[in-house]
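Colleague: One structure, as structure tokens, below. Some questions next.
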Amino acid sequence: MAFRTDFPPIRACLFDMDGLLLDTEDLYTLCINLILEKYGKTSLPWSIKAKLQGRPGPEANAIFHNWAKLPISESNYLAEFTALQQQHFTSAKPLPGVEKLLGDLGRTRWWDVNDQNGLKNGDKGTGDGKGEKAQRVHIALATSSTTANFLVKTTRWTELFSVFEPPRRVLGDDKRIQPGRGKPLPDIYLLALKTINDSLEESDKPITPEECLVFEDSVPGVEAGRRAGMRVVWCPHPMLKKEYEGREAEILAGRMGEAGEVEAHQLGEVDDGWADYYPDLTNFPYAKYGIVVPPAEVELNSSMKENTEDELIIQNIESTAA
């Protein structure tokens, strides 16, 4: 397959959370290693951690226990692990570039706001003199973290995560995803896209998979995005990148075999242009993906403030109820 360059502009960005938006991967390792040390086991190596990343809890736990062979039951391990998570996950913080990226993408909703004449701001062009129209980039969350863990990890970052409208958050315990169908299978990203399409205005064309950009740090997550027929950004932990040194092209193609045997048409090709590696999310190249970010001053518009306040109220209610 030739390197493709004629992609349509991105209309939706779908985000993983752990290790991509928040620095929780090192916190996961800390919690696991505390348990391993308690029972006289060696620390978790990246060769095993790489297989745990991105996967739903049951699948990740099975891989871990097959390796660790702890002298306690899985239920006892989960109880200890959960207690440590509750203790340490509240210290999670955004990774470099995340706050600006989410803020910029959230601001693209300006292009959907109508002016006093009923004309969408985006239909009036970007103001660059080229007369090109601009469009909103919709965003959704697609994480294997359960609702309880999501609330613990984001407790200090309610405003940051308010850019993800509650109906557009697909979490690890979402009943719409069948057991055993988590990453590296594509279901979670296809469902995230569906949550966006289901909430579009009637006049908007449904967003297609190739108009989506998946942001991932894990190898199973990259495969899930590629198998969903979407473009992918891979932004891994430096130690994960080192673990797979020399195999980056296979990862970007979704050809690491994380889901076992799959039909060839579901896989990408090496260097096909559908996926890119970035060391972090700072200075993200919006133009490469056809994304136009409006100037920061549009946030002062009353219509933009009303949308944000509504989302914050909903998230605060959810956190209180939990």
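Residue numbers start at 1 in each chain; chains themselves are named A, B, ... in the order of the structure tokens; ligands are numbered from 1 in the order shown.
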Name the residues of segment 71-197 of chain A that fall into helix (DSSP H, G or I) according to DSSP on the backbone, using the chain letters and numbers of this document, as a VMD selection string.
Modeller: chain A and resid 74 to 91 98 to 112 121 to 124 147 to 153 158 to 161 166 to 168 187 to 197
Colleague: Keeping only C-alpha atoms, write the selected residues as a PDB file, in the first residue's frame.
Modeller:
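Below is the file that was written, out.pdb:
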ATOM      1  CA  GLU A  74      -6.987 -12.781  42.406  1.00  0.00           C
ATOM      2  CA  SER A  75      -9.732 -11.265  44.553  1.00  0.00           C
ATOM      3  CA  ASN A  76      -7.262 -10.484  47.347  1.00  0.00           C
ATOM      4  CA  TYR A  77      -4.854  -8.982  44.829  1.00  0.00           C
ATOM      5  CA  LEU A  78      -7.598  -6.785  43.394  1.00  0.00           C
ATOM      6  CA  ALA A  79      -8.568  -5.602  46.872  1.00  0.00           C
ATOM      7  CA  GLU A  80      -4.980  -4.583  47.658  1.00  0.00           C
ATOM      8  CA  PHE A  81      -4.481  -3.064  44.196  1.00  0.00           C
ATOM      9  CA  THR A  82      -7.704  -1.048  44.431  1.00  0.00           C
ATOM     10  CA  ALA A  83      -6.758   0.327  47.842  1.00  0.00           C
ATOM     11  CA  LEU A  84      -3.386   1.463  46.510  1.00  0.00           C
ATOM     12  CA  GLN A  85      -5.038   3.030  43.468  1.00  0.00           C
ATOM     13  CA  GLN A  86      -7.377   5.029  45.685  1.00  0.00           C
ATOM     14  CA  GLN A  87      -4.329   6.240  47.597  1.00  0.00           C
ATOM     15  CA  HIS A  88      -2.059   7.171  44.682  1.00  0.00           C
ATOM     16  CA  PHE A  89      -4.266   7.998  41.680  1.00  0.00           C
ATOM     17  CA  THR A  90      -5.447  11.293  43.156  1.00  0.00           C
ATOM     18  CA  SER A  91      -1.948  12.651  42.431  1.00  0.00           C
ATOM     19  CA  VAL A  98      -2.408  17.884  27.060  1.00  0.00           C
ATOM     20  CA  GLU A  99      -4.027  20.950  28.601  1.00  0.00           C
ATOM     21  CA  LYS A 100      -3.322  23.127  25.562  1.00  0.00           C
ATOM     22  CA  LEU A 101      -4.358  20.411  23.105  1.00  0.00           C
ATOM     23  CA  LEU A 102      -7.712  19.765  24.771  1.00  0.00           C
ATOM     24  CA  GLY A 103      -8.306  23.477  25.186  1.00  0.00           C
ATOM     25  CA  ASP A 104      -7.554  24.151  21.527  1.00  0.00           C
ATOM     26  CA  LEU A 105      -9.776  21.325  20.295  1.00  0.00           C
ATOM     27  CA  GLY A 106     -12.571  22.327  22.657  1.00  0.00           C
ATOM     28  CA  ARG A 107     -12.408  25.847  21.265  1.00  0.00           C
ATOM     29  CA  THR A 108     -13.151  24.604  17.739  1.00  0.00           C
ATOM     30  CA  ARG A 109     -16.812  24.420  18.780  1.00  0.00           C
ATOM     31  CA  TRP A 110     -16.717  28.136  17.915  1.00  0.00           C
ATOM     32  CA  TRP A 111     -16.996  27.173  14.253  1.00  0.00           C
ATOM     33  CA  ASP A 112     -20.461  25.724  14.975  1.00  0.00           C
ATOM     34  CA  ASN A 121     -18.783  31.054  12.105  1.00  0.00           C
ATOM     35  CA  GLY A 122     -17.033  28.222  10.296  1.00  0.00           C
ATOM     36  CA  ASP A 123     -18.974  28.862   7.085  1.00  0.00           C
ATOM     37  CA  LYS A 124     -17.566  32.386   6.938  1.00  0.00           C
ATOM     38  CA  THR A 147     -16.103   4.758  36.095  1.00  0.00           C
ATOM     39  CA  ALA A 148     -14.791   4.567  39.678  1.00  0.00           C
ATOM     40  CA  ASN A 149     -11.162   4.851  38.579  1.00  0.00           C
ATOM     41  CA  PHE A 150     -11.997   7.636  36.134  1.00  0.00           C
ATOM     42  CA  LEU A 151     -13.502   9.715  38.936  1.00  0.00           C
ATOM     43  CA  VAL A 152     -10.502   9.141  41.231  1.00  0.00           C
ATOM     44  CA  LYS A 153      -7.965  10.035  38.541  1.00  0.00           C
ATOM     45  CA  THR A 158     -12.781  18.366  36.515  1.00  0.00           C
ATOM     46  CA  GLU A 159     -12.528  21.470  34.368  1.00  0.00           C
ATOM     47  CA  LEU A 160      -9.962  19.920  32.032  1.00  0.00           C
ATOM     48  CA  PHE A 161     -12.127  16.854  31.413  1.00  0.00           C
ATOM     49  CA  PRO A 166     -20.638  13.027  29.458  1.00  0.00           C
ATOM     50  CA  PRO A 167     -22.485  11.198  26.626  1.00  0.00           C
ATOM     51  CA  ARG A 168     -19.178  11.119  24.729  1.00  0.00           C
ATOM     52  CA  ASP A 187     -15.183  -1.712  19.476  1.00  0.00           C
ATOM     53  CA  ILE A 188     -14.445   1.065  21.977  1.00  0.00           C
ATOM     54  CA  TYR A 189     -13.363   3.506  19.270  1.00  0.00           C
ATOM     55  CA  LEU A 190     -16.255   2.638  17.014  1.00  0.00           C
ATOM     56  CA  LEU A 191     -18.600   3.226  19.955  1.00  0.00           C
ATOM     57  CA  ALA A 192     -16.894   6.543  20.763  1.00  0.00           C
ATOM     58  CA  LEU A 193     -17.502   7.651  17.183  1.00  0.00           C
ATOM     59  CA  LYS A 194     -21.123   6.553  17.450  1.00  0.00           C
ATOM     60  CA  THR A 195     -21.626   8.714  20.555  1.00  0.00           C
ATOM     61  CA  ILE A 196     -20.505  11.700  18.519  1.00  0.00           C
ATOM     62  CA  ASN A 197     -22.577  10.904  15.436  1.00  0.00           C
TER      63      ASN A 197
END
Colleague: Would you kindly return, as a VMD selection string, each protein, DNA or RNA residue with an atom no farther than 9 Å from any atom of segment 51-60 of chain A, considering only C-alpha atoms and excluding same-chain residues fewer than 4 positions away?
Modeller: chain A and resid 16 18 to 19 25 46 to 47 64 to 65 143 to 146 172 to 173 180 to 184 216 to 221 258
Colleague: Save out the residues we just selected, C-alpha atoms, as a PDB file, in the first residue's frame.
Modeller:
ATOM      1  CA  ASP A  16      -7.321   7.214  25.452  1.00  0.00           C
ATOM      2  CA  ASP A  18      -4.072   6.558  31.032  1.00  0.00           C
ATOM      3  CA  GLY A  19      -0.533   7.385  29.972  1.00  0.00           C
ATOM      4  CA  GLU A  25       1.194   4.664  33.941  1.00  0.00           C
ATOM      5  CA  TRP A  46       8.320  -3.282  30.707  1.00  0.00           C
ATOM      6  CA  SER A  47       8.091  -6.429  28.591  1.00  0.00           C
ATOM      7  CA  PHE A  64      -0.363 -10.167  34.982  1.00  0.00           C
ATOM      8  CA  HIS A  65      -1.275 -13.152  37.165  1.00  0.00           C
ATOM      9  CA  THR A 143     -10.586   4.533  28.061  1.00  0.00           C
ATOM     10  CA  SER A 144     -10.368   1.099  29.629  1.00  0.00           C
ATOM     11  CA  SER A 145     -10.560   2.744  33.075  1.00  0.00           C
ATOM     12  CA  THR A 146     -13.773   1.996  34.948  1.00  0.00           C
ATOM     13  CA  GLY A 172     -14.049   0.476  30.649  1.00  0.00           C
ATOM     14  CA  ASP A 173     -17.242  -0.709  32.350  1.00  0.00           C
ATOM     15  CA  GLY A 180     -13.837  -9.585  25.938  1.00  0.00           C
ATOM     16  CA  ARG A 181     -14.275  -6.893  23.282  1.00  0.00           C
ATOM     17  CA  GLY A 182     -11.924  -4.250  24.711  1.00  0.00           C
ATOM     18  CA  LYS A 183      -8.679  -3.003  23.159  1.00  0.00           C
ATOM     19  CA  PRO A 184      -6.946  -4.191  20.962  1.00  0.00           C
ATOM     20  CA  GLU A 216      -3.015   6.446  22.070  1.00  0.00           C
ATOM     21  CA  ASP A 217       0.015   5.566  24.141  1.00  0.00           C
ATOM     22  CA  SER A 218      -0.369   1.772  24.194  1.00  0.00           C
ATOM     23  CA  VAL A 219       0.370  -0.792  21.520  1.00  0.00           C
ATOM     24  CA  PRO A 220      -3.032  -2.542  21.899  1.00  0.00           C
ATOM     25  CA  GLY A 221      -4.671   0.877  21.675  1.00  0.00           C
ATOM     26  CA  GLU A 258      -2.032  -8.018  19.978  1.00  0.00           C
TER      27      GLU A 258
END
Colleague: For Ala249 of chain A, which of A:His237, A:Asp26, A:Trp274, A:Gly290 is the closest residue, counting only C-alpha atoms?
Modeller: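 The closest residue to Ala249 of chain A is A:Trp274.
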Colleague: Using only C-alpha atoms, determine which residues lie at most 7 Å from Cys13 of chain A, disregarding the query and same-chain residues fewer than 6 positions distant; provide the list as a list in words.
Modeller: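 Non-adjacent residues within range: Val137, His138, Ile139, Ala140, Cys212, Leu213 and Val214 of chain A.
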Colleague: Restricted to N, CA, C and O atoms, what would the selected residues look like written as an mmCIF file, in the first residue's frame?
Modeller:
data_model
loop_
_atom_site.group_PDB
_atom_site.id
_atom_site.type_symbol
_atom_site.label_atom_id
_atom_site.label_comp_id
_atom_site.auth_asym_id
_atom_site.auth_seq_id
_atom_site.Cartn_x
_atom_site.Cartn_y
_atom_site.Cartn_z
ATOM 1 N N VAL A 137 -14.034 20.307 15.554
ATOM 2 C CA VAL A 137 -13.472 18.976 15.788
ATOM 3 C C VAL A 137 -14.124 18.434 17.055
ATOM 4 O O VAL A 137 -13.900 18.958 18.151
ATOM 5 N N HIS A 138 -14.938 17.415 16.904
ATOM 6 C CA HIS A 138 -15.616 16.809 18.039
ATOM 7 C C HIS A 138 -14.641 15.891 18.768
ATOM 8 O O HIS A 138 -13.769 15.279 18.140
ATOM 9 N N ILE A 139 -14.801 15.777 20.074
ATOM 10 C CA ILE A 139 -13.891 14.919 20.822
ATOM 11 C C ILE A 139 -14.680 13.963 21.714
ATOM 12 O O ILE A 139 -15.790 14.262 22.156
ATOM 13 N N ALA A 140 -14.076 12.789 21.927
ATOM 14 C CA ALA A 140 -14.674 11.776 22.802
ATOM 15 C C ALA A 140 -13.557 11.060 23.538
ATOM 16 O O ALA A 140 -12.403 11.043 23.098
ATOM 17 N N CYS A 212 -11.521 10.449 11.631
ATOM 18 C CA CYS A 212 -11.225 10.391 13.068
ATOM 19 C C CYS A 212 -9.729 10.244 13.294
ATOM 20 O O CYS A 212 -9.028 9.567 12.534
ATOM 21 N N LEU A 213 -9.258 10.867 14.372
ATOM 22 C CA LEU A 213 -7.872 10.736 14.797
ATOM 23 C C LEU A 213 -7.852 10.186 16.216
ATOM 24 O O LEU A 213 -8.366 10.819 17.139
ATOM 25 N N VAL A 214 -7.310 8.988 16.374
ATOM 26 C CA VAL A 214 -7.204 8.325 17.668
ATOM 27 C C VAL A 214 -5.876 8.694 18.315
ATOM 28 O O VAL A 214 -4.823 8.643 17.661
#
Colleague: Out of A:Leu240, A:Ser162, A:Ile291, A:Ile35, which residue has the shortest atom-to-atom distance to Lys49 of chain A when counting only C-alpha atoms?
Modeller: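 Looking only at the distances to Lys49 of chain A, the closest residue turns out to be A:Leu240.
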Colleague: Got a sec: who's within 8 Å of Phe3 of chain A, counting only C-alpha atoms, leaving out chain neighbours fewer than 6 positions off, as a PyMOL selection string?
Modeller: chain A and resi 271-273
Colleague: Please write the residues from the selection above to a file, keeping C-alpha atoms, as a compact mmCIF listing (two decimals), in the first residue's frame.
Modeller:
# COMPACT_ATOMS: atom_id res chain seq x y z
CA ASP A 271 4.48 3.26 6.26
CA ASP A 272 0.97 3.71 4.85
CA GLY A 273 0.58 7.23 6.25
Colleague: Could you check the closest approach to Val163 of chain A for each of A:Leu119, A:Leu27, A:Leu141, A:Ala134 and tell me which residue wins, using only C-alpha atoms?
Modeller: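 Ranking A:Leu119, A:Leu27, A:Leu141, A:Ala134 by distance to Val163 of chain A, first place goes to A:Leu141.
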